[in-house]
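Structure, as structure tokens:
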Amino acid sequence: MKQLLTLTGAITALMSSKAAIAEYGLNMTKGVSTISGDIYSLHMMVFWVCLAIGVVVFGAMFYSIINHRKSKGVKAAHFHESTTVEFIWTGIPILILVAMAIPASKVLIDAEVLDKADMTVKVTGHQWKWQYDYPEEGIGFMSNLAQSSRDATKLDDKPENYLLEVDKRLVLPVDTKVRFLITSNDVIHSWWVPAFAVKQDANPGFINDAWAEITEEGTYRGQCAELCGKDHGYMPIVVDVISKDAFATWVTEQQADKAAAAASATKTWYEDELFANGETIYNANCSGCHQKDGSGIPGVFPAMKGSNITNGPAADHLNIVINGKGGMPSFKMLGDADLASVITYERRAFGNNGSVVQPSDVTSAR
Amino acid sequence: MSTISAVAAHDDHHGPEKGLLRWVKTTNHKDIGTLYLWFAFSMLLLGGAFAMGIRAELLHPGLQLMEPQFFNQLTTMHGLIMVFGAIMPAFVGLANWLIPMMIGAPDMALPRLNNWSFWILPFAGAILLSTFFMEGGAPAFGWTFYAPLSTSFAPDSTDFFIFAIHLLGFSSIMGAINIIATVLNMRAPEMRLMDMPLFVWTWLVTAFLLIGAMPVLAGAVTMMLTDRNFGTAFFDATGGGDPVLFQHIFWFFGHPEVYIMILPAFGVISHILPTFARKPLFGYSSMVYATASIAFLSYIVWAHHMFLTGMPVAAELYFMYATMLIAVPTGVKVFNWVATIWKGSMTFETPMLWALSFVMLFTIGGFSGLMLGIVPADIQYHDTYFVVAHFHYVLVTGALWGIIAAVFYWLPKWTGRMYNETLGKVHFWWAVISVNVVFFPQHFLGLAGMPRRIPDYSLQFADFNYISSIGAFAFGLSFVLFTYIVVDCIRNGKPADSRPWYSAKGLEWTLSSPAPYHSFNTPPSRADILAESQHS
Amino acid sequence: MSNQNYYIPHGTYWPIIGSIGISTMFVGFANLIHDVSWGAPVMGLGLTILVFMLFGWLGTVVNESISGIYNKQVDRTFRWGMSWFIFSEVMFFAAFFGALFYARILSVPWLDGAGNNMFTPELWEGFKATWPLVNTPGAIGQSGTAFSTGFELVNPWGLPAINTALLLSSGVTITYAHHALRKDHRNALIAWMIATIVLGVLFLGFQITEYGHAYHEGLKLTSGIYGSTFYLLTGFHGFHVTVGAIMLTVILYRIQKGHFNSENHFAFEGVAWYWHFVDVVWLGLFVFVYWL
Ligand code: HEA
Ligand code: HEA
Ligand code: CUA
Ligand SMILES: [Cu+2]
């Protein structure tokens with residue numbers, strides 16, 4: 001028991017020392033949004049109250065354990081009932097709880113209610129990646145775990161930000177009220193960036209909303225926070241928060257890229273172009289389930305290698321990838337060129353010998 | 001009226017049958033209690049072995065031992081086996097052994113049903129474990145099996161899992177009915193409700209929770225079954241349903257379930273503390289009322305597990321307030337325990353050590369529970385290791401601690417022999433230190449942002465995970481010693497008195513050690529009952 | 001006479017047989033679902049074992065009961081046991097009623113943007129929340145939904161109303177039967193029992209006819225949440241009526257065998273309670289599934 005006390009004591013000491021917090025990440029982040037600081041303070045307030053109650057209760061226990069023992073020749077008292085004290089120790093906790101509930105309700109209402117947003121981002125969870133759309137700006141993209149992390153799961157040498165890096169980051173302007181519309185394409189995910197104090201479940205078929213006004217530029221990282229299947233641990237979130245001007249420039253660039261991609265979808269591609277592009281897309285989007293070598297996971301995810309679909313008529317293949325089926329998500333959000341590439345890759349890699357699919361085939365299959 | 005008196009029926013006062021079939025056929029509450037306890041213990045080892053697998057994978061960042069899918073299977077099975085295979089059966093085993101002895105009855109009210117409640121379990125367990133060997137592997141969607149991950153996106157083995165849950169549900173419901181009938185109808189005629197020992201009270205309340213909650217779980221898995229196989233749309237928005245509906249139904253069961261796992265432990269502690277403090281339990285009647293209040297509240301707080309599902313604010317506020325309220329009756333219990341030892345004359349035999357550390361460590365778990373109940377803060381805590389730390393403090397150092405304390409306390413009554421006190425103390429200190437090394441750092445991991453249910457983590461979490469894993473191996477090893485102590489007690493222990501603990505109260509101590517096969521052939525008298533009651 | 005003692009039975013094999021039966025049945029069922037050829041026969045085998053166990057076990061209890069070794073206290077145990085068993089059944093139905101209310105009051109309106117879901121309709125263009133939900137969100141403007149759509153509603157004042165009348169009167173007839181039993185009026189007892197069973201069987205017959213109509217009008221298990229709640233609630237209820245009717249028949253048989261007297265007839269009462277429970281559930285169904 002004494003050891004326990006020392007352990008708890010040492011840990012409390014650690015928690016109250018600022019340096020230790022920074023170094024080991026012992027405590028909740030204060031965050032960078034207008035709400036996150038309030039939540040941090042609330043958390044600390046509740047923590048200190050619990051600690052204080054703990055000190056009183058455990059103090060009484062230890063006092064009793066040390067002093068009221070038979071080996072000290074103490075004779076046991078015989079009291080065993082008192083309505084007065086029962087009332088006291090029912091009443092005092094109620095008062096403490098009311099005192100906690102008031103600020104908690106206030107912060108909750110602030111965190112949940114947003115009258116008017118300056119901009120909107122739609123976040124869609126997929127097994128196991130995030131899709132970001134900026135409906136007002138007309139742009140959107142997928143954000144996958146970075147290949148460097150994916151490759152390093154079994155290596156001793158881990159890259160910087162292992163598991164917390166993506167191939168394309170969400171970009172947001174600073175000092176702007178952003179509304180996140182959060183939904184899912186398959187199972188439940190949860191979009192969480194601790195620094196924004198935003199965590200919201202992404203439910204398929206429903207749209208939840210959350211909001212944040214971020215007050216500092218920088219890069220912020222988070223992870224999916226609801227078990228969503230095999231690679232739940234591998235769907236990070238990375239957000240670059242930049243100045244409003246830089247954001248405007250970024251949006252223009254994205255819009256230009258999108259126009260270029262649309263143009264390339266009308267031309268006819270060479271097979272090796274399709275294959276090379278397809279490999280990247282396959283590894284980012286499909287290998288999580290069907291595996292890098294196309295072998296799948298028996299009973300859960302079918303193999304691409306030697307499958308009747310990848311070796312059969314292109315129409316069936318297009319259909320399942322565009323529309324999905326059961327556990328196979330729909331990939332209609334990918335561009336025509338990318339879809340053509342990945343399908344071609346599946347039909348030509350792993351020793352398959354299906355036909356080549358062109359972007360125009362995808363356009364007509366949609 | 002003599003017709004009401006509870007006297008063993010047999011004219012032939014036989015003991016147990018011989019051979020293995022005795023255990024298959026038995027209708028004796030002690031035999032069945034023993035079966036439950038050994039079953040629970042083997043499941044604890046198995047679930048614990050899965051936990052060792054989890055902690056071994058999390059020892060270092062990166063994937064070392066297993067693929068993510070298998071990791072999820074381990075997490076899921078660990079949770080399910082511990083909850084349904086270890087903790088719940090262990091408490092039913094204790095109830096079987098103790099309740100008839102504590103209320104002066106010859107046996108349980110429905111002995112044959114009692115046998116069936118037990119003998120469903122091994123079959124359900126076998127079906128559940130067989131899923132590991134099926135194509136696609138065992139369920140990997142967490143012990144909470146949220147739809148649609150468990151419906152449209154789960155392997156075929158899920159249907160076997162569903163039926164295993166149905167069987168576990170039957171077993172629990174039948175067991176609970178039996179306990180209610182026993183407590184209400186088999187008490188010695190002279191024993192009033194407010195004379196009952198607290199273990200009996202807490203189990204009576206627990207049985208009500210079981211009967212209210214388990215059928216709802218059966219409903220949930222039935223809807224899962226039809227959604228998966230017969231085209232219904234309960235949890236599918238395209239058909240007008242809602243995945244969140246699943247969570248409401250699950251937690252309507254799930255929250256009472258966690259109190260099912262703690263209330264009997266509260267009862268155990270309320271027996272041990274007075275014995276070793278040599279002082280009556282403080283506030284007997286308020287303990288009874290607090291137990292009942294906790295049970296009532298447990299039915300109206302379920303959505304505190306769902307604060308981030310997108311509930312309306314008003315609902316969040318309501319569930320926050322209701323959740324916070326539970327701290328009040330639980331606090332009453334804690335304060336009464338402290339008042340019980342206050343000015344006592346304490347000695348620190350092994351059961352007392354477990355009971356005292358229960359009070360402290362459970363309270364720590366309760367505090368983190370209260371923090372989780374504060375909705376805005378739960379935005380940051382939810383689905384992180386902070387939650388994992390919370391529930392292991394209440395489940396391991398709460399429920400499991402209560403069970404281990406009970407085993408040491410009543411082992412002399414069960415076996416007629418004393419365990420080795422020195423080893424008992426060594427084991428206690430080993431376990432209590434290592435268990436804190438496992439679970440305390442998980443608070444920090446959670447606050448620093450480590451999500452739960454992940455097989456691999458980013459580098460800033462490496463240190464605390466390492467400490468936690470080392471602690472877990474040490475804690476796991478402590479069970480080897482525990483097994484030794486129990487087996488050694490059964491084989492070589494010194495004979496125990498009928499009342500091995502100084503000043504222990506309760507009718508069970510008026511029986512010989514080991515207790516006779518049929519507990520009370522003649523019901524105890526009013527005088528005996530009063531002399532052994534907890535509030536005098 | 002050992003009537004003073006609480007009867008503690010000797011060891012028994014029935015429970016383990018029951019466990020083998022029920023797990024065989026479930027394993028068979030799970031395999032049947034996955035189109036494994038031996039699924040159905042194994043399930044049948046399990047069910048047979050289970051039924052065999054029920055007859056054997058309950059038969060033992062009946063024999064013990066008529067041999068007079070049970071006392072008042074045992075009788076009370078059975079009463080407590082049956083009441084709490086029925087309560088557990090109530091909670092099972094509560095889960096499905098809960099799902100029904102949730103869908104009607106919350107999820108369907110939410111899909112149309114009610115409450116804090118003002119953004120959700122973006123996913124379901126053209127969807128209008130109605131109850132009964134005839135056109136599911138997936139069936140409107142979306143391709144490839146698994147849910148069929150467009151069905152005719154069952155008119156509550158047709159067969160369902162008749163069924164309500166049937167079940168309610170069966171509740172009355174069984175009460176008359178009880179009175180007759182208490183007064184040892186054997187012939188009246190048998191007549192009222194037969195009436196109850198006939199009413200129950202009529203109910204089942206109409207229920208099957210009604211299923212036929214509903215199915216014909218396009219209301220299926222796969223019709224979305226309305227079909228799901230409709231068929232699971234009425235289906236489980238119908239299953240309980242079937243079980244109740246079988247139990248009533250067994251009781252009738254036992255009455256003819258002279259197992260009961262005006263004092264001692266818990267088995268009769270237990271089944272009567274069960275029958276009333278089934279009745280009350282139907283009232284809930286009639287009001288919330290068919291009528292409102
Ligand atoms: C034995 C099991 C057990 C017990 C007893 C409890 C007790 C409590 N639990 Fe816990 N809980 C779990 C098992 C348990 N829990 C499990 C398994 C999960 C996770 C499930 C999953 O997702 O897998 C969980 C998750 C969980 C959550 C969801 C977290 C999340 O996922 O985001 C919440 C939120 O409110 C919560 C709250 C509480 C509260 C308020 C109590 C209260 O009962 C605690 C009351 C006790 C005290 C407060 C201490 C003593 C009191 C005093 C000394 C008096 C004075 C105190 C004050 C005035 C503060 N629990
Ligand atoms: C009900 C009780 C219960 C108990 C007793 C335990 C006991 C333990 N649990 Fe528990 N755990 C849960 C219930 C419980 N757990 C639940 C409900 C979940 C959530 C699941 C989910 O997310 O769905 C969970 C999840 C969970 C996680 C999170 C997994 C994740 O999110 O991915 C972790 C990680 O550390 C963990 C660890 C442990 C450890 C180390 C023990 C130890 O206390 C175990 C100690 C016991 C033994 C070790 C066995 C005995 C010893 C031997 C067999 C000898 C051999 C020993 C060695 C090999 C060293 N558990
Ligand atoms: Cu997505 Cu977890
Ligand atoms: Cu809870």
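Each chain in the structure tokens gets a letter, A, B and so on, in the order shown; residues start at 1 in every chain, and ligands are counted from 1 in the order they appear.
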request  = Kindly compile the residues surrounding ligand 4 within 7 Å, counting only C-alpha atoms and all ligand atoms, and format them as a PyMOL selection string.
outcome  = chain B and resi 254-255+258+301-302+304-305
message = Give me, as a PyMOL selection string, the residues of chain C touching chain A, with the criterion being at most 8 Å (counting only C-alpha atoms).
response = chain C and resi 111+117+119-120+123+144
request  = Could you pull out the residues sitting within 6 Å of ligand 1, using only C-alpha atoms and all ligand atoms, and write them as a ChimeraX atom specification?
outcome  = /A:50,93,96-97 /B:258-259,261-262,304-305,323-324,326-328,330-331,334,363,366-367,369-370,372-373,378,381-383,387,391,394-395,399
Could those selected residues go to a file with N, CA, C and O atoms, as a CSV table (one decimal), in the first residue's frame?
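Here's the written file out22.csv:
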```csv
chain,number,residue,atom,x,y,z
A,50,CYS,N,-11.1,15.6,-8.2
A,50,CYS,CA,-11.0,14.2,-7.9
A,50,CYS,C,-9.8,13.9,-7.0
A,50,CYS,O,-9.8,13.2,-6.0
A,93,PRO,N,-21.1,15.4,-1.8
A,93,PRO,CA,-20.8,15.1,-3.2
A,93,PRO,C,-21.8,15.7,-4.2
A,93,PRO,O,-21.4,16.1,-5.3
A,96,ILE,N,-20.7,19.2,-4.9
A,96,ILE,CA,-19.5,19.2,-5.7
A,96,ILE,C,-19.9,18.9,-7.2
A,96,ILE,O,-19.4,19.6,-8.1
A,97,LEU,N,-20.8,17.9,-7.4
A,97,LEU,CA,-21.1,17.6,-8.7
A,97,LEU,C,-21.9,18.7,-9.4
A,97,LEU,O,-21.6,19.0,-10.6
B,258,VAL,N,-21.8,-3.5,-16.7
B,258,VAL,CA,-20.6,-3.2,-15.9
B,258,VAL,C,-21.0,-3.2,-14.4
B,258,VAL,O,-20.1,-3.5,-13.6
B,259,TYR,N,-22.2,-2.8,-14.1
B,259,TYR,CA,-22.5,-2.9,-12.6
B,259,TYR,C,-22.8,-4.3,-12.2
B,259,TYR,O,-22.6,-4.6,-11.0
B,261,MET,N,-21.0,-6.6,-13.0
B,261,MET,CA,-19.7,-7.1,-12.7
B,261,MET,C,-19.1,-6.4,-11.4
B,261,MET,O,-18.0,-6.9,-10.9
B,262,ILE,N,-19.7,-5.4,-10.9
B,262,ILE,CA,-19.1,-4.7,-9.7
B,262,ILE,C,-19.9,-4.9,-8.5
B,262,ILE,O,-19.3,-5.0,-7.4
B,304,HIS,N,-23.8,7.5,-22.1
B,304,HIS,CA,-22.5,8.1,-21.9
B,304,HIS,C,-21.4,7.4,-22.6
B,304,HIS,O,-20.3,7.9,-22.6
B,305,HIS,N,-21.7,6.3,-23.2
B,305,HIS,CA,-20.7,5.6,-24.1
B,305,HIS,C,-20.8,6.2,-25.5
B,305,HIS,O,-20.0,5.7,-26.4
B,323,THR,N,-25.2,10.5,-15.4
B,323,THR,CA,-23.9,9.7,-15.1
B,323,THR,C,-23.2,10.2,-13.9
B,323,THR,O,-22.8,9.5,-13.0
B,324,MET,N,-23.2,11.6,-13.8
B,324,MET,CA,-22.5,12.1,-12.6
B,324,MET,C,-23.1,11.7,-11.3
B,324,MET,O,-22.5,11.5,-10.3
B,326,ILE,N,-24.3,8.9,-10.4
B,326,ILE,CA,-23.9,7.6,-9.9
B,326,ILE,C,-22.7,7.8,-8.9
B,326,ILE,O,-22.6,6.9,-8.0
B,327,ALA,N,-22.0,8.8,-9.0
B,327,ALA,CA,-20.9,9.0,-8.0
B,327,ALA,C,-21.4,9.1,-6.6
B,327,ALA,O,-20.7,8.8,-5.6
B,328,VAL,N,-22.7,9.6,-6.5
B,328,VAL,CA,-23.2,9.8,-5.1
B,328,VAL,C,-23.4,8.5,-4.3
B,328,VAL,O,-22.8,8.3,-3.3
B,330,THR,N,-22.3,5.6,-5.1
B,330,THR,CA,-21.0,4.9,-5.0
B,330,THR,C,-20.1,5.5,-3.9
B,330,THR,O,-19.4,4.8,-3.2
B,331,GLY,N,-20.2,6.8,-3.8
B,331,GLY,CA,-19.4,7.5,-2.8
B,331,GLY,C,-19.9,7.0,-1.4
B,331,GLY,O,-19.1,6.8,-0.5
B,334,VAL,N,-18.2,3.9,-0.6
B,334,VAL,CA,-16.8,4.1,-0.2
B,334,VAL,C,-16.7,4.7,1.2
B,334,VAL,O,-15.9,4.2,2.0
B,363,THR,N,-11.8,3.2,-6.4
B,363,THR,CA,-12.1,4.6,-6.3
B,363,THR,C,-11.3,5.4,-7.4
B,363,THR,O,-11.9,6.3,-8.0
B,366,GLY,N,-13.2,4.8,-10.4
B,366,GLY,CA,-14.4,5.6,-10.3
B,366,GLY,C,-14.2,7.1,-10.7
B,366,GLY,O,-14.9,7.7,-11.4
B,367,PHE,N,-13.1,7.6,-10.2
B,367,PHE,CA,-12.8,9.0,-10.5
B,367,PHE,C,-12.6,9.2,-12.0
B,367,PHE,O,-13.1,10.1,-12.6
B,369,GLY,N,-13.9,7.4,-14.2
B,369,GLY,CA,-15.2,7.3,-14.8
B,369,GLY,C,-16.0,8.6,-14.7
B,369,GLY,O,-16.6,9.0,-15.7
B,370,LEU,N,-15.9,9.2,-13.6
B,370,LEU,CA,-16.5,10.5,-13.5
B,370,LEU,C,-16.0,11.5,-14.5
B,370,LEU,O,-16.8,12.3,-15.2
B,372,LEU,N,-14.8,10.8,-17.4
B,372,LEU,CA,-15.3,10.4,-18.7
B,372,LEU,C,-16.7,10.9,-18.9
B,372,LEU,O,-17.2,11.1,-20.0
B,373,GLY,N,-17.5,11.0,-17.8
B,373,GLY,CA,-18.8,11.4,-17.9
B,373,GLY,C,-19.0,12.9,-18.2
B,373,GLY,O,-20.1,13.3,-18.6
B,378,ASP,N,-14.9,14.3,-22.5
B,378,ASP,CA,-15.0,13.0,-23.1
B,378,ASP,C,-14.7,13.1,-24.6
B,378,ASP,O,-14.2,12.1,-25.3
B,381,TYR,N,-11.2,12.2,-24.3
B,381,TYR,CA,-10.9,10.9,-23.8
B,381,TYR,C,-11.4,9.8,-24.6
B,381,TYR,O,-10.8,8.7,-24.6
B,382,HIS,N,-12.5,10.0,-25.3
B,382,HIS,CA,-13.3,8.8,-25.8
B,382,HIS,C,-12.4,8.0,-26.8
B,382,HIS,O,-11.7,8.6,-27.6
B,383,ASP,N,-12.5,6.7,-26.6
B,383,ASP,CA,-11.8,5.8,-27.5
B,383,ASP,C,-10.3,6.0,-27.4
B,383,ASP,O,-9.6,5.7,-28.4
B,387,VAL,N,-9.7,5.6,-21.5
B,387,VAL,CA,-10.9,4.7,-21.2
B,387,VAL,C,-10.4,3.3,-20.8
B,387,VAL,O,-10.9,2.7,-19.9
B,391,PHE,N,-11.4,1.4,-17.3
B,391,PHE,CA,-12.2,0.2,-17.1
B,391,PHE,C,-11.4,-0.9,-16.6
B,391,PHE,O,-11.9,-1.8,-15.9
B,394,VAL,N,-11.6,-0.4,-12.8
B,394,VAL,CA,-12.8,-0.9,-12.2
B,394,VAL,C,-13.0,-2.4,-12.4
B,394,VAL,O,-13.7,-3.0,-11.5
B,395,LEU,N,-12.5,-2.9,-13.5
B,395,LEU,CA,-12.7,-4.3,-13.7
B,395,LEU,C,-11.7,-5.2,-13.1
B,395,LEU,O,-12.0,-6.2,-12.4
B,399,ALA,N,-13.6,-5.6,-10.0
B,399,ALA,CA,-14.3,-6.9,-10.1
B,399,ALA,C,-13.4,-8.0,-9.7
B,399,ALA,O,-13.6,-8.9,-8.9
```
message = So that I can check the secondary structure, give me every residue of region 107-311 of chain A assigned strand (DSSP E) by backbone DSSP, as a PyMOL selection string.
response = chain A and resi 119-126+129-134+139-143+170-173+177-184+189-193+198-202+208-213+218-224+236-242
Write out as a tab-separated table the residues of chain A that have any atom within 12 Å of an atom of ligand 2, one row each with the nearest atom pair and its distance in Å to one decimal, counting only C-alpha atoms and all ligand atoms, sorted by chain and then rising number.
```
residue	atom	partner	partner_atom_place_in_ligand_line	distance
A:Ala225	CA	ligand 2	31 (O)	11.0
A:Glu226	CA	ligand 2	22 (O)	10.2
A:Leu227	CA	ligand 2	22 (O)	8.5
A:Cys228	CA	ligand 2	22 (O)	11.9
A:Gly229	CA	ligand 2	32 (O)	11.9
A:Lys230	CA	ligand 2	32 (O)	11.7
A:His232	CA	ligand 2	32 (O)	10.5
A:Gly233	CA	ligand 2	32 (O)	9.7
```
Same residues, N, CA, C and O atoms, output as a PDB file, in the first residue's frame:
```pdb
ATOM      1  N   ALA A 225     -10.615   7.414 -34.561  1.00  0.00           N
ATOM      2  CA  ALA A 225     -10.839   7.030 -33.173  1.00  0.00           C
ATOM      3  C   ALA A 225     -12.053   6.128 -33.000  1.00  0.00           C
ATOM      4  O   ALA A 225     -12.712   6.165 -31.984  1.00  0.00           O
ATOM      5  N   GLU A 226     -12.378   5.336 -33.999  1.00  0.00           N
ATOM      6  CA  GLU A 226     -13.409   4.317 -33.772  1.00  0.00           C
ATOM      7  C   GLU A 226     -12.976   3.084 -34.528  1.00  0.00           C
ATOM      8  O   GLU A 226     -12.631   3.177 -35.708  1.00  0.00           O
ATOM      9  N   LEU A 227     -12.982   1.950 -33.843  1.00  0.00           N
ATOM     10  CA  LEU A 227     -12.552   0.711 -34.482  1.00  0.00           C
ATOM     11  C   LEU A 227     -13.319   0.518 -35.780  1.00  0.00           C
ATOM     12  O   LEU A 227     -14.541   0.453 -35.789  1.00  0.00           O
ATOM     13  N   CYS A 228     -12.581   0.446 -36.900  1.00  0.00           N
ATOM     14  CA  CYS A 228     -13.252   0.410 -38.197  1.00  0.00           C
ATOM     15  C   CYS A 228     -12.741  -0.747 -39.023  1.00  0.00           C
ATOM     16  O   CYS A 228     -12.860  -0.752 -40.244  1.00  0.00           O
ATOM     17  N   GLY A 229     -12.151  -1.728 -38.353  1.00  0.00           N
ATOM     18  CA  GLY A 229     -11.681  -2.887 -39.095  1.00  0.00           C
ATOM     19  C   GLY A 229     -10.171  -2.997 -39.020  1.00  0.00           C
ATOM     20  O   GLY A 229      -9.516  -2.345 -38.209  1.00  0.00           O
ATOM     21  N   LYS A 230      -9.648  -3.813 -39.923  1.00  0.00           N
ATOM     22  CA  LYS A 230      -8.249  -4.218 -39.880  1.00  0.00           C
ATOM     23  C   LYS A 230      -7.268  -3.047 -39.709  1.00  0.00           C
ATOM     24  O   LYS A 230      -6.421  -3.088 -38.823  1.00  0.00           O
ATOM     25  N   HIS A 232      -7.648   0.066 -38.787  1.00  0.00           N
ATOM     26  CA  HIS A 232      -8.097   1.186 -37.964  1.00  0.00           C
ATOM     27  C   HIS A 232      -6.912   1.991 -37.429  1.00  0.00           C
ATOM     28  O   HIS A 232      -6.990   3.223 -37.315  1.00  0.00           O
ATOM     29  N   GLY A 233      -5.820   1.324 -37.117  1.00  0.00           N
ATOM     30  CA  GLY A 233      -4.649   2.032 -36.594  1.00  0.00           C
ATOM     31  C   GLY A 233      -3.866   2.764 -37.671  1.00  0.00           C
ATOM     32  O   GLY A 233      -2.866   3.408 -37.367  1.00  0.00           O
TER      33      GLY A 233
END
```
inquiry  = Under the rule that only C-alpha atoms are counted, which of B:Glu532, B:Glu257, B:Glu508, B:Glu316 is the nearest residue to chain A?
reply    =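 Between B:Glu532, B:Glu257, B:Glu508, B:Glu316, the residue approaching chain A most closely is B:Glu316.
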message = Which residues are close to region 164-167 of chain C, i.e. within 9 Å by only C-alpha atoms, leaving aside same-chain residues fewer than 6 positions away? Reply as a list in words.
response = Thr196, Leu199, Gly200, Leu202, Phe203, Val278, Asp279, Trp282, Leu283 and Phe286 of chain C
ask   = Hey, what does DSSP flag as helix (DSSP H, G or I) within region 136-202 of chain B? Can you give it to me as a PyMOL selection string?
value = chain B and resi 158-185+193-195+198-202
Find the spatial neighbours of Ile33 (chain C), counting only C-alpha atoms, within a cut-off of 10 Å - ignore same-chain residues fewer than 6 positions away - and output them as a compact mmCIF listing (two decimals) with N, CA, C and O atoms, in the first residue's frame.
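Output contents, as saved in part-v8.txt:
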```txt
# COMPACT_ATOMS: atom_id res chain seq x y z
N ASP B 156 -17.98 -14.64 -41.86
CA ASP B 156 -19.08 -15.57 -41.59
C ASP B 156 -19.10 -16.07 -40.15
O ASP B 156 -20.15 -16.40 -39.61
N ASP B 159 -21.79 -15.24 -37.26
CA ASP B 159 -23.06 -15.87 -36.90
C ASP B 159 -22.88 -16.87 -35.76
O ASP B 159 -23.77 -17.05 -34.94
N LEU B 225 -28.33 -10.62 -36.52
CA LEU B 225 -28.46 -11.85 -37.30
C LEU B 225 -29.35 -11.61 -38.52
O LEU B 225 -29.00 -11.99 -39.64
N ARG B 228 -27.74 -9.30 -41.06
CA ARG B 228 -26.67 -9.96 -41.81
C ARG B 228 -27.21 -10.93 -42.85
O ARG B 228 -26.68 -11.02 -43.95
N ASN B 229 -28.27 -11.66 -42.47
CA ASN B 229 -28.64 -12.79 -43.29
C ASN B 229 -30.02 -12.71 -43.93
O ASN B 229 -30.27 -13.40 -44.90
N PHE B 230 -30.92 -11.92 -43.38
CA PHE B 230 -32.28 -11.96 -43.90
C PHE B 230 -32.77 -10.61 -44.43
O PHE B 230 -33.96 -10.40 -44.58
N GLY C 39 -26.12 -28.34 -42.79
CA GLY C 39 -26.69 -27.42 -41.81
C GLY C 39 -28.09 -27.81 -41.38
O GLY C 39 -28.36 -27.95 -40.18
N ALA C 40 -28.97 -28.00 -42.34
CA ALA C 40 -30.37 -28.24 -42.00
C ALA C 40 -30.55 -29.54 -41.20
O ALA C 40 -31.20 -29.52 -40.15
```
key: Atomic separation - CA of Ser130 (chain B) relative to CA of Gly28 (chain C), Å   =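 Going from CA of Gly28 (chain C) over to CA of Ser130 (chain B), I get 14.2 Å.
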inquiry  = Distance cut-off 6 Å, counting only C-alpha atoms - which residues of chain C neighbour chain B? Return them as a list in words.
reply    =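 Taken together, these residues fit the definition: Gln4, Asn5, Tyr6, Tyr7, Ile8, Gly11, Thr12, Tyr13, Pro15, Ser19, Ala30, Gln73, Thr77, Trp80, Gly81, Ser88, Met91, Phe92, Ala95, Val108, Thr136, Pro137, Gly138, Leu221, Thr222, Gly224, Ile225 and Ser228 of chain C.
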Store the residues picked out above in a file with C-alpha atoms, as a compact mmCIF listing (two decimals), in the first residue's frame.
```txt
# COMPACT_ATOMS: atom_id res chain seq x y z
CA GLN C 4 -42.22 -30.60 4.97
CA ASN C 5 -38.96 -30.69 3.13
CA TYR C 6 -37.85 -28.59 0.25
CA TYR C 7 -37.37 -31.09 -2.52
CA ILE C 8 -33.77 -31.25 -3.77
CA GLY C 11 -28.35 -35.71 -10.18
CA THR C 12 -29.83 -35.44 -13.62
CA TYR C 13 -28.75 -35.81 -17.23
CA PRO C 15 -29.41 -30.31 -18.57
CA SER C 19 -26.97 -28.14 -23.79
CA ALA C 30 -25.35 -21.11 -38.51
CA GLN C 73 -42.39 -23.53 -0.81
CA THR C 77 -40.24 -21.08 -6.22
CA TRP C 80 -41.11 -16.60 -8.74
CA GLY C 81 -39.30 -18.43 -11.50
CA SER C 88 -37.16 -11.39 -19.19
CA MET C 91 -37.39 -7.10 -21.92
CA PHE C 92 -36.69 -9.08 -25.09
CA ALA C 95 -35.63 -4.23 -27.44
CA VAL C 108 -36.36 8.26 -40.11
CA THR C 136 -36.54 3.95 -48.15
CA PRO C 137 -33.75 6.50 -48.47
CA GLY C 138 -31.69 4.04 -50.48
CA LEU C 221 -38.43 -8.45 -44.56
CA THR C 222 -36.32 -6.58 -47.08
CA GLY C 224 -36.49 -1.43 -45.08
CA ILE C 225 -37.03 -0.55 -41.46
CA SER C 228 -37.92 -5.20 -40.40
```
